[in-house]
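Enquirer: The structure under discussion is supplied below as structure tokens; questions concerning it will follow.
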Amino acid sequence: MKDISCKLLVIGAGPGGYVCAIRAGQLGIDTVIVEAGKPGGTCLNIGCIPSKALIHAAEEYEKIARWAEHPNALGIATAKPTLDLAKTIAWKDGIVGRLNGGVSGLLKKARVKIVQGWATFRDGKTVAVETETGLQIIRAENVVIATGSAPIALPNLPFGGPAISSTEALSLSDVPEKLVVVGGGYIGLELGTAFAKMGSQITVVEAQERILPQYDAELTQPVAKRLRTLGIEVLTGASAVGVDGKGQALLVKTAQGEDARLPADKILVTVGRKPVTEGWGLDQLVLDMDGRFIRIDDHCRTSMRGIYAIGDVTGEPMLAHRAMAQGEMVAEIVAGHPRSWDKRAIPAVCFTDPEIVSVGASPDEAREGGVEIKTGLFPFSANGRAMTKLDEQGFVRVVSRADNHLVLGIQAVGQGVSELSAAFGLALEMGARLEDIAGTVHAHPTQGEAFQEAALKALGHGLHI
């Protein structure tokens with residue numbers, strides 16, 4: 001097998017890696033990408049895409065089940081539905097397969113050479129790849145590390161047996177009768193809510209004092225209310241001790257210091273993710289680290305010349321769209337283009353029920369920065385489109401400077417608000433002021449009108465509240 005030489009080598013074909021390689025190919029850069037698994041990484045194969053597919057299926061099933069059991073204002077009546085989870089998973093896998101093929105096709109279209117196998121650094125410019133046909137040596141002028149992240153296992157609750165990660169949860173063939181979720185962050189609540197809608201009895205165990213601690217309490221209150229409606233029990237301030245001897249229950253220490261036993265067919269552990277920094281020869285490099293993560297500058301450069309790092313391996317926020325933005329930027333930098341980007345405008349979306357979107361600073365974060373602020377909040381209970389969708393819970397909130405009305409942050413919670421994330425991010429990226437948002441004509445009737453109304457409220461003249 002002949003050695004390969006290239007200008008750019010990308011290690012990892014997740015969202016950051018494949019976008020970097022595609023953009024580099026478009027710019028005429030001789031590019032090679034190495035991936036041990038399927039293209040698309042965690043997000044496409046065992047994360048963002050399959051979880052949203054499962055969440056959608058659960059929402060549809062729960063809606064029909066609710067119509068079958070309770071009268072509704074729409075006058076719709078139906079028989080009690082059934083769910084074949086194996087068929088649902090097959091449908092999800094079909095979507096993933098189509099996207100896998102799409103990514104591969106885009107890489108080939110951009111003339112990127114794909115090497116299937118596990119890459120290991122020999123030095124800062126040389127990588128050895130174990131492929132099905134033997135050892136492949138690749139030498140590159142520039143290298144991008146995009147190795148991603150993996151689920152964190154608890155020492156007293158290792159994966160295996162009843163304890164599963166999100167990966168296994170997305171491939172179950174049957175709905176567990178009793179599912180205990182360890183971790184009340186976005187992954188645990190997204191999947192826990194989905195399985196509750198499909199019929200599982202759910203208990204959430206969260207070590208901190210409230211669920212979704214990365215968001216402010218005002219945003220998470222509607223989610224907590226919905227969890228109660230779905231019959232999900234939430235234990236905050238509690239810690240998982242381990243599995244009982246028969247593997248049929250999770251042992252927990254409650255906030256009151258009492259021992260509890262939670263019967264469970266499966267125990268879903270979602271306590272976070274860790275960067276994949278082992279197995280690819282990190283010890284052969286001299287990279288500055290930031291804790292467990294690879295330290296980078298604003299242009300994703302590491303401490304070694306010609307080596308870049310992007311995505312989850314570089315730290316928070318661990319978001320696919322952050323990795324994509326970094327990958328595109330690095331490709332253009334390697335091509336000699338001047339590039340930068342503003343991380344303050346990255347939206348974070350939680351696909352719970354209701355959904356949460358946050359971009360920029362929350363009111364508390366803005367105040368902590370020593371800024372006097374104005375806020376405007378518009379509830380969906382006053383929004384015509386939300387009323388017609390029978391889902392009036394939640395709101396849109398805008399945070400701005402008090403002196404010049406520069407928008408510092410935008411948050412929303414409600415049904416379908418993930419689709420407002422682009423407008424929120426654009427407003428921050430463009431340096432919008434309250435007057436810009438208030439003066440933009442928003443289509444009626446849409447939930448997006450709540451964005452304009454929140455800005456009007458902050459200016460002191462809300463129209464529909």
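Quick note on naming: the chains in the structure tokens go A, B, ... in the order shown, residues restart at 1 in each chain, and ligands are numbered from 1 in order of appearance.
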Which residues, written as a PyMOL selection string, have at least one atom at most 10 Å from Glu168 of chain A, with only C-alpha atoms counted and residues fewer than 5 positions away on the same chain left out?
Expert: chain A and resi 46+159-160+163+268
Enquirer: Report as a PyMOL selection string all protein, DNA and RNA residues lying within 8 Å of segment 354-367 of chain A, evaluated on only C-alpha atoms, omitting residues in the same chain fewer than 6 positions from it.
Expert: chain A and resi 216+219-220+222-223+226+344-348+373+375+393-394+399+408-418+420-421+424-425+428
Enquirer: Can you write just those residues out, N, CA and C atoms, as an mmCIF file, in the first residue's frame?
Expert:
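What landed in again_32.cif:
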```cif
data_model
loop_
_atom_site.group_PDB
_atom_site.id
_atom_site.type_symbol
_atom_site.label_atom_id
_atom_site.label_comp_id
_atom_site.auth_asym_id
_atom_site.auth_seq_id
_atom_site.Cartn_x
_atom_site.Cartn_y
_atom_site.Cartn_z
ATOM 1 N N ASP A 216 -31.521 28.855 33.097
ATOM 2 C CA ASP A 216 -32.072 29.511 34.283
ATOM 3 C C ASP A 216 -33.445 28.936 34.624
ATOM 4 N N LEU A 219 -36.722 29.455 32.588
ATOM 5 C CA LEU A 219 -36.849 28.687 31.355
ATOM 6 C C LEU A 219 -37.264 27.245 31.607
ATOM 7 N N THR A 220 -36.820 26.669 32.703
ATOM 8 C CA THR A 220 -37.052 25.245 32.929
ATOM 9 C C THR A 220 -38.368 24.942 33.635
ATOM 10 N N PRO A 222 -41.568 25.492 32.769
ATOM 11 C CA PRO A 222 -42.562 24.801 31.943
ATOM 12 C C PRO A 222 -42.200 23.342 31.665
ATOM 13 N N VAL A 223 -40.905 23.052 31.566
ATOM 14 C CA VAL A 223 -40.472 21.666 31.348
ATOM 15 C C VAL A 223 -40.785 20.824 32.580
ATOM 16 N N ARG A 226 -44.423 20.002 32.697
ATOM 17 C CA ARG A 226 -44.800 18.980 31.722
ATOM 18 C C ARG A 226 -44.355 17.595 32.180
ATOM 19 N N ARG A 344 -20.395 33.813 20.861
ATOM 20 C CA ARG A 344 -21.533 34.279 21.661
ATOM 21 C C ARG A 344 -22.857 34.071 20.938
ATOM 22 N N ALA A 345 -22.808 33.904 19.620
ATOM 23 C CA ALA A 345 -24.043 33.773 18.836
ATOM 24 C C ALA A 345 -24.419 32.323 18.556
ATOM 25 N N ILE A 346 -23.851 31.373 19.307
ATOM 26 C CA ILE A 346 -24.185 29.961 19.110
ATOM 27 C C ILE A 346 -25.469 29.631 19.878
ATOM 28 N N PRO A 347 -26.525 29.213 19.197
ATOM 29 C CA PRO A 347 -27.738 28.819 19.924
ATOM 30 C C PRO A 347 -27.562 27.442 20.578
ATOM 31 N N ALA A 348 -28.148 27.274 21.729
ATOM 32 C CA ALA A 348 -28.239 25.967 22.375
ATOM 33 C C ALA A 348 -29.706 25.586 22.423
ATOM 34 N N ILE A 373 -29.462 46.163 32.526
ATOM 35 C CA ILE A 373 -30.189 45.547 31.413
ATOM 36 C C ILE A 373 -31.665 45.923 31.385
ATOM 37 N N THR A 375 -35.213 43.805 30.000
ATOM 38 C CA THR A 375 -35.720 42.529 29.498
ATOM 39 C C THR A 375 -37.167 42.691 29.062
ATOM 40 N N GLN A 393 -48.098 27.070 26.417
ATOM 41 C CA GLN A 393 -47.107 27.181 27.471
ATOM 42 C C GLN A 393 -45.825 27.799 26.928
ATOM 43 N N GLY A 394 -45.129 28.545 27.781
ATOM 44 C CA GLY A 394 -43.837 29.089 27.414
ATOM 45 C C GLY A 394 -43.860 30.545 27.015
ATOM 46 N N VAL A 399 -33.059 39.971 26.178
ATOM 47 C CA VAL A 399 -32.216 40.673 27.155
ATOM 48 C C VAL A 399 -31.358 41.677 26.398
ATOM 49 N N LEU A 408 -28.285 41.353 24.069
ATOM 50 C CA LEU A 408 -27.241 40.532 24.673
ATOM 51 C C LEU A 408 -27.600 39.055 24.701
ATOM 52 N N GLY A 409 -28.888 38.754 24.699
ATOM 53 C CA GLY A 409 -29.314 37.363 24.763
ATOM 54 C C GLY A 409 -30.788 37.229 24.441
ATOM 55 N N ILE A 410 -31.151 36.055 23.944
ATOM 56 C CA ILE A 410 -32.544 35.752 23.620
ATOM 57 C C ILE A 410 -32.811 34.317 24.050
ATOM 58 N N GLN A 411 -33.911 34.101 24.753
ATOM 59 C CA GLN A 411 -34.282 32.764 25.208
ATOM 60 C C GLN A 411 -35.757 32.522 24.918
ATOM 61 N N ALA A 412 -36.094 31.246 24.762
ATOM 62 C CA ALA A 412 -37.498 30.879 24.561
ATOM 63 C C ALA A 412 -37.722 29.474 25.081
ATOM 64 N N VAL A 413 -38.931 29.225 25.534
ATOM 65 C CA VAL A 413 -39.367 27.883 25.888
ATOM 66 C C VAL A 413 -40.782 27.731 25.364
ATOM 67 N N GLY A 414 -41.037 26.620 24.677
ATOM 68 C CA GLY A 414 -42.363 26.409 24.112
ATOM 69 C C GLY A 414 -42.336 25.354 23.030
ATOM 70 N N GLN A 415 -43.499 24.980 22.563
ATOM 71 C CA GLN A 415 -43.624 23.956 21.526
ATOM 72 C C GLN A 415 -43.032 24.481 20.215
ATOM 73 N N GLY A 416 -42.049 23.751 19.666
ATOM 74 C CA GLY A 416 -41.480 24.095 18.379
ATOM 75 C C GLY A 416 -40.557 25.286 18.339
ATOM 76 N N VAL A 417 -40.121 25.802 19.498
ATOM 77 C CA VAL A 417 -39.288 27.012 19.482
ATOM 78 C C VAL A 417 -37.879 26.753 18.948
ATOM 79 N N SER A 418 -37.503 25.490 18.772
ATOM 80 C CA SER A 418 -36.189 25.221 18.183
ATOM 81 C C SER A 418 -36.068 25.886 16.815
ATOM 82 N N LEU A 420 -37.023 28.737 16.015
ATOM 83 C CA LEU A 420 -36.730 30.164 16.151
ATOM 84 C C LEU A 420 -35.250 30.416 16.393
ATOM 85 N N SER A 421 -34.458 29.356 16.588
ATOM 86 C CA SER A 421 -33.054 29.513 16.955
ATOM 87 C C SER A 421 -32.262 30.268 15.890
ATOM 88 N N PHE A 424 -32.884 33.976 16.327
ATOM 89 C CA PHE A 424 -32.219 34.458 17.539
ATOM 90 C C PHE A 424 -30.711 34.613 17.306
ATOM 91 N N GLY A 425 -30.106 33.572 16.702
ATOM 92 C CA GLY A 425 -28.669 33.616 16.450
ATOM 93 C C GLY A 425 -28.303 34.729 15.484
ATOM 94 N N LEU A 428 -28.204 38.195 17.205
ATOM 95 C CA LEU A 428 -26.983 38.441 17.967
ATOM 96 C C LEU A 428 -25.782 38.621 17.064
#
```
Enquirer: Tell me which protein, DNA and RNA residues are within 10 Å of Val19 of chain A, counting only C-alpha atoms, leaving out same-chain ones fewer than 3 positions away, and put them as number ranges by chain.
Expert: A: 13-16, 22-25, 40, 103, 106-107, 323-331
Enquirer: One decimal, in Å: what's the spacing between atom CA of Glu368 of chain A and atom CA of Ile294 of chain A?
Expert: 27.8 Å
Enquirer: Can you pull out the residues contacting segment 278-291 of chain A? Cut-off 7 Å, using only C-alpha atoms, and skip same-chain residues under 5 positions away; I want them as number ranges by chain.
Expert: A: 119-124, 302-304
Enquirer: Taking only segment 168-400 of chain A into account, list the residues labelled alpha helix (DSSP H) by DSSP (computed from the backbone), as a PDB file with N, CA and C atoms, in the first residue's frame.
Expert:
```pdb
ATOM      1  N   GLU A 168     -27.319   2.880  23.407  1.00  0.00           N
ATOM      2  CA  GLU A 168     -28.163   1.682  23.502  1.00  0.00           C
ATOM      3  C   GLU A 168     -29.646   2.044  23.594  1.00  0.00           C
ATOM      4  N   ALA A 169     -29.944   3.172  24.252  1.00  0.00           N
ATOM      5  CA  ALA A 169     -31.346   3.585  24.399  1.00  0.00           C
ATOM      6  C   ALA A 169     -31.986   3.843  23.041  1.00  0.00           C
ATOM      7  N   TYR A 186     -30.007  17.714  29.450  1.00  0.00           N
ATOM      8  CA  TYR A 186     -30.837  17.681  28.248  1.00  0.00           C
ATOM      9  C   TYR A 186     -30.941  16.290  27.631  1.00  0.00           C
ATOM     10  N   ILE A 187     -29.865  15.493  27.650  1.00  0.00           N
ATOM     11  CA  ILE A 187     -29.930  14.167  27.038  1.00  0.00           C
ATOM     12  C   ILE A 187     -30.897  13.276  27.811  1.00  0.00           C
ATOM     13  N   GLY A 188     -30.753  13.276  29.131  1.00  0.00           N
ATOM     14  CA  GLY A 188     -31.615  12.442  29.958  1.00  0.00           C
ATOM     15  C   GLY A 188     -33.081  12.810  29.853  1.00  0.00           C
ATOM     16  N   LEU A 189     -33.369  14.111  29.839  1.00  0.00           N
ATOM     17  CA  LEU A 189     -34.766  14.538  29.793  1.00  0.00           C
ATOM     18  C   LEU A 189     -35.366  14.378  28.402  1.00  0.00           C
ATOM     19  N   GLU A 190     -34.576  14.580  27.357  1.00  0.00           N
ATOM     20  CA  GLU A 190     -35.093  14.354  26.011  1.00  0.00           C
ATOM     21  C   GLU A 190     -35.521  12.899  25.837  1.00  0.00           C
ATOM     22  N   LEU A 191     -34.627  11.985  26.188  1.00  0.00           N
ATOM     23  CA  LEU A 191     -34.933  10.564  26.009  1.00  0.00           C
ATOM     24  C   LEU A 191     -35.939  10.075  27.039  1.00  0.00           C
ATOM     25  N   GLY A 192     -35.827  10.538  28.267  1.00  0.00           N
ATOM     26  CA  GLY A 192     -36.775  10.135  29.301  1.00  0.00           C
ATOM     27  C   GLY A 192     -38.189  10.541  28.954  1.00  0.00           C
ATOM     28  N   THR A 193     -38.353  11.765  28.445  1.00  0.00           N
ATOM     29  CA  THR A 193     -39.672  12.237  28.034  1.00  0.00           C
ATOM     30  C   THR A 193     -40.214  11.406  26.882  1.00  0.00           C
ATOM     31  N   ALA A 194     -39.345  11.089  25.920  1.00  0.00           N
ATOM     32  CA  ALA A 194     -39.785  10.278  24.779  1.00  0.00           C
ATOM     33  C   ALA A 194     -40.288   8.913  25.232  1.00  0.00           C
ATOM     34  N   PHE A 195     -39.543   8.252  26.103  1.00  0.00           N
ATOM     35  CA  PHE A 195     -39.977   6.926  26.562  1.00  0.00           C
ATOM     36  C   PHE A 195     -41.217   7.014  27.445  1.00  0.00           C
ATOM     37  N   ALA A 196     -41.372   8.094  28.190  1.00  0.00           N
ATOM     38  CA  ALA A 196     -42.593   8.276  28.979  1.00  0.00           C
ATOM     39  C   ALA A 196     -43.799   8.360  28.056  1.00  0.00           C
ATOM     40  N   LYS A 197     -43.667   9.057  26.946  1.00  0.00           N
ATOM     41  CA  LYS A 197     -44.768   9.186  25.998  1.00  0.00           C
ATOM     42  C   LYS A 197     -45.087   7.854  25.326  1.00  0.00           C
ATOM     43  N   ALA A 217     -33.818  29.095  35.877  1.00  0.00           N
ATOM     44  CA  ALA A 217     -35.017  28.442  36.413  1.00  0.00           C
ATOM     45  C   ALA A 217     -36.293  28.868  35.690  1.00  0.00           C
ATOM     46  N   GLU A 218     -36.360  30.116  35.251  1.00  0.00           N
ATOM     47  CA  GLU A 218     -37.570  30.593  34.565  1.00  0.00           C
ATOM     48  C   GLU A 218     -37.813  29.802  33.277  1.00  0.00           C
ATOM     49  N   LEU A 219     -36.722  29.455  32.588  1.00  0.00           N
ATOM     50  CA  LEU A 219     -36.849  28.687  31.355  1.00  0.00           C
ATOM     51  C   LEU A 219     -37.264  27.245  31.607  1.00  0.00           C
ATOM     52  N   THR A 220     -36.820  26.669  32.703  1.00  0.00           N
ATOM     53  CA  THR A 220     -37.052  25.245  32.929  1.00  0.00           C
ATOM     54  C   THR A 220     -38.368  24.942  33.635  1.00  0.00           C
ATOM     55  N   GLN A 221     -39.028  25.952  34.176  1.00  0.00           N
ATOM     56  CA  GLN A 221     -40.285  25.703  34.887  1.00  0.00           C
ATOM     57  C   GLN A 221     -41.350  25.040  34.024  1.00  0.00           C
ATOM     58  N   PRO A 222     -41.568  25.492  32.769  1.00  0.00           N
ATOM     59  CA  PRO A 222     -42.562  24.801  31.943  1.00  0.00           C
ATOM     60  C   PRO A 222     -42.200  23.342  31.665  1.00  0.00           C
ATOM     61  N   VAL A 223     -40.905  23.052  31.566  1.00  0.00           N
ATOM     62  CA  VAL A 223     -40.472  21.666  31.348  1.00  0.00           C
ATOM     63  C   VAL A 223     -40.785  20.824  32.580  1.00  0.00           C
ATOM     64  N   ALA A 224     -40.473  21.354  33.757  1.00  0.00           N
ATOM     65  CA  ALA A 224     -40.758  20.624  34.996  1.00  0.00           C
ATOM     66  C   ALA A 224     -42.253  20.349  35.137  1.00  0.00           C
ATOM     67  N   LYS A 225     -43.079  21.325  34.760  1.00  0.00           N
ATOM     68  CA  LYS A 225     -44.539  21.152  34.834  1.00  0.00           C
ATOM     69  C   LYS A 225     -44.999  20.044  33.895  1.00  0.00           C
ATOM     70  N   ARG A 226     -44.423  20.002  32.697  1.00  0.00           N
ATOM     71  CA  ARG A 226     -44.800  18.980  31.722  1.00  0.00           C
ATOM     72  C   ARG A 226     -44.355  17.595  32.180  1.00  0.00           C
ATOM     73  N   LEU A 227     -43.200  17.499  32.810  1.00  0.00           N
ATOM     74  CA  LEU A 227     -42.746  16.209  33.333  1.00  0.00           C
ATOM     75  C   LEU A 227     -43.765  15.649  34.318  1.00  0.00           C
ATOM     76  N   ARG A 228     -44.285  16.523  35.173  1.00  0.00           N
ATOM     77  CA  ARG A 228     -45.290  16.073  36.150  1.00  0.00           C
ATOM     78  C   ARG A 228     -46.558  15.611  35.441  1.00  0.00           C
ATOM     79  N   THR A 229     -46.960  16.331  34.384  1.00  0.00           N
ATOM     80  CA  THR A 229     -48.147  15.942  33.620  1.00  0.00           C
ATOM     81  C   THR A 229     -47.983  14.557  33.003  1.00  0.00           C
ATOM     82  N   ALA A 320     -23.091  20.150  17.793  1.00  0.00           N
ATOM     83  CA  ALA A 320     -22.707  19.805  16.430  1.00  0.00           C
ATOM     84  C   ALA A 320     -22.521  21.048  15.577  1.00  0.00           C
ATOM     85  N   HIS A 321     -23.398  22.051  15.743  1.00  0.00           N
ATOM     86  CA  HIS A 321     -23.288  23.240  14.900  1.00  0.00           C
ATOM     87  C   HIS A 321     -22.070  24.078  15.257  1.00  0.00           C
ATOM     88  N   ARG A 322     -21.610  24.011  16.504  1.00  0.00           N
ATOM     89  CA  ARG A 322     -20.331  24.659  16.849  1.00  0.00           C
ATOM     90  C   ARG A 322     -19.194  23.990  16.102  1.00  0.00           C
ATOM     91  N   ALA A 323     -19.193  22.641  16.116  1.00  0.00           N
ATOM     92  CA  ALA A 323     -18.146  21.897  15.418  1.00  0.00           C
ATOM     93  C   ALA A 323     -18.161  22.209  13.926  1.00  0.00           C
ATOM     94  N   MET A 324     -19.352  22.295  13.331  1.00  0.00           N
ATOM     95  CA  MET A 324     -19.457  22.604  11.907  1.00  0.00           C
ATOM     96  C   MET A 324     -18.863  23.975  11.596  1.00  0.00           C
ATOM     97  N   ALA A 325     -19.209  24.960  12.421  1.00  0.00           N
ATOM     98  CA  ALA A 325     -18.692  26.316  12.210  1.00  0.00           C
ATOM     99  C   ALA A 325     -17.171  26.340  12.334  1.00  0.00           C
ATOM    100  N   GLN A 326     -16.647  25.613  13.324  1.00  0.00           N
ATOM    101  CA  GLN A 326     -15.200  25.538  13.484  1.00  0.00           C
ATOM    102  C   GLN A 326     -14.545  24.856  12.282  1.00  0.00           C
ATOM    103  N   GLY A 327     -15.154  23.766  11.804  1.00  0.00           N
ATOM    104  CA  GLY A 327     -14.590  23.037  10.677  1.00  0.00           C
ATOM    105  C   GLY A 327     -14.526  23.873   9.415  1.00  0.00           C
ATOM    106  N   GLU A 328     -15.603  24.592   9.139  1.00  0.00           N
ATOM    107  CA  GLU A 328     -15.620  25.450   7.960  1.00  0.00           C
ATOM    108  C   GLU A 328     -14.548  26.529   8.072  1.00  0.00           C
ATOM    109  N   MET A 329     -14.432  27.135   9.261  1.00  0.00           N
ATOM    110  CA  MET A 329     -13.446  28.189   9.461  1.00  0.00           C
ATOM    111  C   MET A 329     -12.024  27.673   9.266  1.00  0.00           C
ATOM    112  N   VAL A 330     -11.700  26.515   9.835  1.00  0.00           N
ATOM    113  CA  VAL A 330     -10.347  25.970   9.721  1.00  0.00           C
ATOM    114  C   VAL A 330      -9.995  25.682   8.272  1.00  0.00           C
ATOM    115  N   ALA A 331     -10.945  25.127   7.511  1.00  0.00           N
ATOM    116  CA  ALA A 331     -10.681  24.859   6.101  1.00  0.00           C
ATOM    117  C   ALA A 331     -10.317  26.137   5.361  1.00  0.00           C
ATOM    118  N   GLU A 332     -11.013  27.209   5.652  1.00  0.00           N
ATOM    119  CA  GLU A 332     -10.740  28.474   4.970  1.00  0.00           C
ATOM    120  C   GLU A 332      -9.426  29.089   5.435  1.00  0.00           C
ATOM    121  N   ILE A 333      -9.088  28.896   6.710  1.00  0.00           N
ATOM    122  CA  ILE A 333      -7.792  29.380   7.204  1.00  0.00           C
ATOM    123  C   ILE A 333      -6.652  28.639   6.515  1.00  0.00           C
ATOM    124  N   VAL A 334      -6.773  27.325   6.382  1.00  0.00           N
ATOM    125  CA  VAL A 334      -5.748  26.536   5.695  1.00  0.00           C
ATOM    126  C   VAL A 334      -5.612  26.991   4.242  1.00  0.00           C
ATOM    127  N   PRO A 363     -30.494  36.841  31.677  1.00  0.00           N
ATOM    128  CA  PRO A 363     -30.510  38.054  32.503  1.00  0.00           C
ATOM    129  C   PRO A 363     -29.469  38.025  33.622  1.00  0.00           C
ATOM    130  N   ASP A 364     -29.345  36.905  34.308  1.00  0.00           N
ATOM    131  CA  ASP A 364     -28.369  36.807  35.401  1.00  0.00           C
ATOM    132  C   ASP A 364     -26.940  36.918  34.892  1.00  0.00           C
ATOM    133  N   GLU A 365     -26.651  36.266  33.766  1.00  0.00           N
ATOM    134  CA  GLU A 365     -25.299  36.326  33.200  1.00  0.00           C
ATOM    135  C   GLU A 365     -24.953  37.751  32.780  1.00  0.00           C
ATOM    136  N   ALA A 366     -25.931  38.464  32.215  1.00  0.00           N
ATOM    137  CA  ALA A 366     -25.683  39.843  31.806  1.00  0.00           C
ATOM    138  C   ALA A 366     -25.418  40.734  33.017  1.00  0.00           C
ATOM    139  N   ARG A 367     -26.195  40.524  34.075  1.00  0.00           N
ATOM    140  CA  ARG A 367     -25.985  41.327  35.289  1.00  0.00           C
ATOM    141  C   ARG A 367     -24.635  41.030  35.918  1.00  0.00           C
ATOM    142  N   GLU A 368     -24.237  39.762  35.877  1.00  0.00           N
ATOM    143  CA  GLU A 368     -22.935  39.398  36.449  1.00  0.00           C
ATOM    144  C   GLU A 368     -21.793  40.080  35.713  1.00  0.00           C
ATOM    145  N   GLY A 384     -51.585  34.110  19.010  1.00  0.00           N
ATOM    146  CA  GLY A 384     -52.680  33.452  18.299  1.00  0.00           C
ATOM    147  C   GLY A 384     -52.291  32.100  17.716  1.00  0.00           C
ATOM    148  N   ARG A 385     -51.100  31.996  17.142  1.00  0.00           N
ATOM    149  CA  ARG A 385     -50.691  30.733  16.528  1.00  0.00           C
ATOM    150  C   ARG A 385     -50.535  29.651  17.579  1.00  0.00           C
ATOM    151  N   ALA A 386     -49.988  29.983  18.740  1.00  0.00           N
ATOM    152  CA  ALA A 386     -49.851  29.001  19.811  1.00  0.00           C
ATOM    153  C   ALA A 386     -51.220  28.499  20.266  1.00  0.00           C
ATOM    154  N   MET A 387     -52.192  29.412  20.308  1.00  0.00           N
ATOM    155  CA  MET A 387     -53.545  29.004  20.691  1.00  0.00           C
ATOM    156  C   MET A 387     -54.119  28.000  19.706  1.00  0.00           C
ATOM    157  N   THR A 388     -53.905  28.236  18.405  1.00  0.00           N
ATOM    158  CA  THR A 388     -54.466  27.335  17.410  1.00  0.00           C
ATOM    159  C   THR A 388     -53.791  25.973  17.404  1.00  0.00           C
TER     160      THR A 388
END
```
Enquirer: Output as a tab-separated table one row per residue of segment 219-287 of chain A within 6 Å of segment 144-154 of chain A: the closest atom pair and its distance in Å to one decimal place, counting only C-alpha atoms, sorted by chain and residue number ascending.
Expert:
```
residue	atom	partner	partner_atom	distance
A:Gly272	CA	A:Ile152	CA	5.6
A:Arg273	CA	A:Pro151	CA	4.4
A:Lys274	CA	A:Ser149	CA	5.2
A:Pro275	CA	A:Ser149	CA	4.1
A:Val276	CA	A:Ser149	CA	4.9
```
Enquirer: Print the selection's residues with N, CA and C atoms to a file, as a CSV table (one decimal), in the first residue's frame.
Expert:
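Output (out_18.csv):
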```
chain,number,residue,atom,x,y,z
A,272,GLY,N,-23.3,13.1,31.2
A,272,GLY,CA,-22.4,14.0,30.4
A,272,GLY,C,-21.6,13.2,29.4
A,273,ARG,N,-20.7,13.9,28.7
A,273,ARG,CA,-19.8,13.3,27.7
A,273,ARG,C,-18.4,13.7,28.0
A,274,LYS,N,-17.5,12.9,27.5
A,274,LYS,CA,-16.0,13.2,27.7
A,274,LYS,C,-15.4,13.2,26.3
A,275,PRO,N,-14.3,14.0,26.2
A,275,PRO,CA,-13.6,14.0,24.9
A,275,PRO,C,-12.9,12.7,24.6
A,276,VAL,N,-12.9,12.3,23.3
A,276,VAL,CA,-12.1,11.1,22.9
A,276,VAL,C,-10.7,11.6,22.7
```
Enquirer: Considering only C-alpha atoms, can you say which of A:Val243, A:Leu463, A:Val269, A:Ile164 comes closest to Val205 of chain A?
Expert: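 Selected residue with least distance to Val205 of chain A: A:Val269.
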Enquirer: Quick one: distance from atom CA of Asn45 of chain A to atom CA of Val96 of chain A in Å, one decimal?
Expert: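 Separation between atom CA of Asn45 of chain A and atom CA of Val96 of chain A: 6.0 Å.
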Enquirer: Write out as number ranges by chain which residues come within 9 Å of Leu85 of chain A when counting only C-alpha atoms, dropping same-chain ones fewer than 6 positions away.
Expert: A: 172-175, 198
Enquirer: Go ahead and dump the residues you just picked, N, CA and C atoms, as a PDB file, in the first residue's frame.
Expert:
```pdb
ATOM      1  N   LEU A 172     -33.155   0.244  21.366  1.00  0.00           N
ATOM      2  CA  LEU A 172     -33.963  -0.745  22.072  1.00  0.00           C
ATOM      3  C   LEU A 172     -35.067  -1.281  21.152  1.00  0.00           C
ATOM      4  N   SER A 173     -35.345  -2.561  21.278  1.00  0.00           N
ATOM      5  CA  SER A 173     -36.398  -3.157  20.444  1.00  0.00           C
ATOM      6  C   SER A 173     -37.752  -3.160  21.146  1.00  0.00           C
ATOM      7  N   ASP A 174     -37.749  -2.942  22.461  1.00  0.00           N
ATOM      8  CA  ASP A 174     -38.988  -2.893  23.235  1.00  0.00           C
ATOM      9  C   ASP A 174     -38.954  -1.699  24.178  1.00  0.00           C
ATOM     10  N   VAL A 175     -40.118  -1.165  24.470  1.00  0.00           N
ATOM     11  CA  VAL A 175     -40.227  -0.056  25.414  1.00  0.00           C
ATOM     12  C   VAL A 175     -40.104  -0.603  26.835  1.00  0.00           C
ATOM     13  N   MET A 198     -44.074   6.994  25.240  1.00  0.00           N
ATOM     14  CA  MET A 198     -44.290   5.678  24.624  1.00  0.00           C
ATOM     15  C   MET A 198     -44.796   4.647  25.625  1.00  0.00           C
TER      16      MET A 198
END
```
Enquirer: Determine, counting only C-alpha atoms, which protein, DNA and RNA residues have an atom within 8 Å of an atom of Ala455 of chain A; residues of the same chain fewer than 6 positions away are not included. Present the result as an MDAnalysis selection string.
Expert: chainID A and resid 376:377 398 434:435 437:438 462
Enquirer: Nearest to Tyr18 of chain A among A:Gly185, A:Gly117, A:Gly311, A:Gly47, with distances taken over only C-alpha atoms: which residue is it?
Expert: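 Nearest candidate to Tyr18 of chain A out of A:Gly185, A:Gly117, A:Gly311, A:Gly47: A:Gly311.
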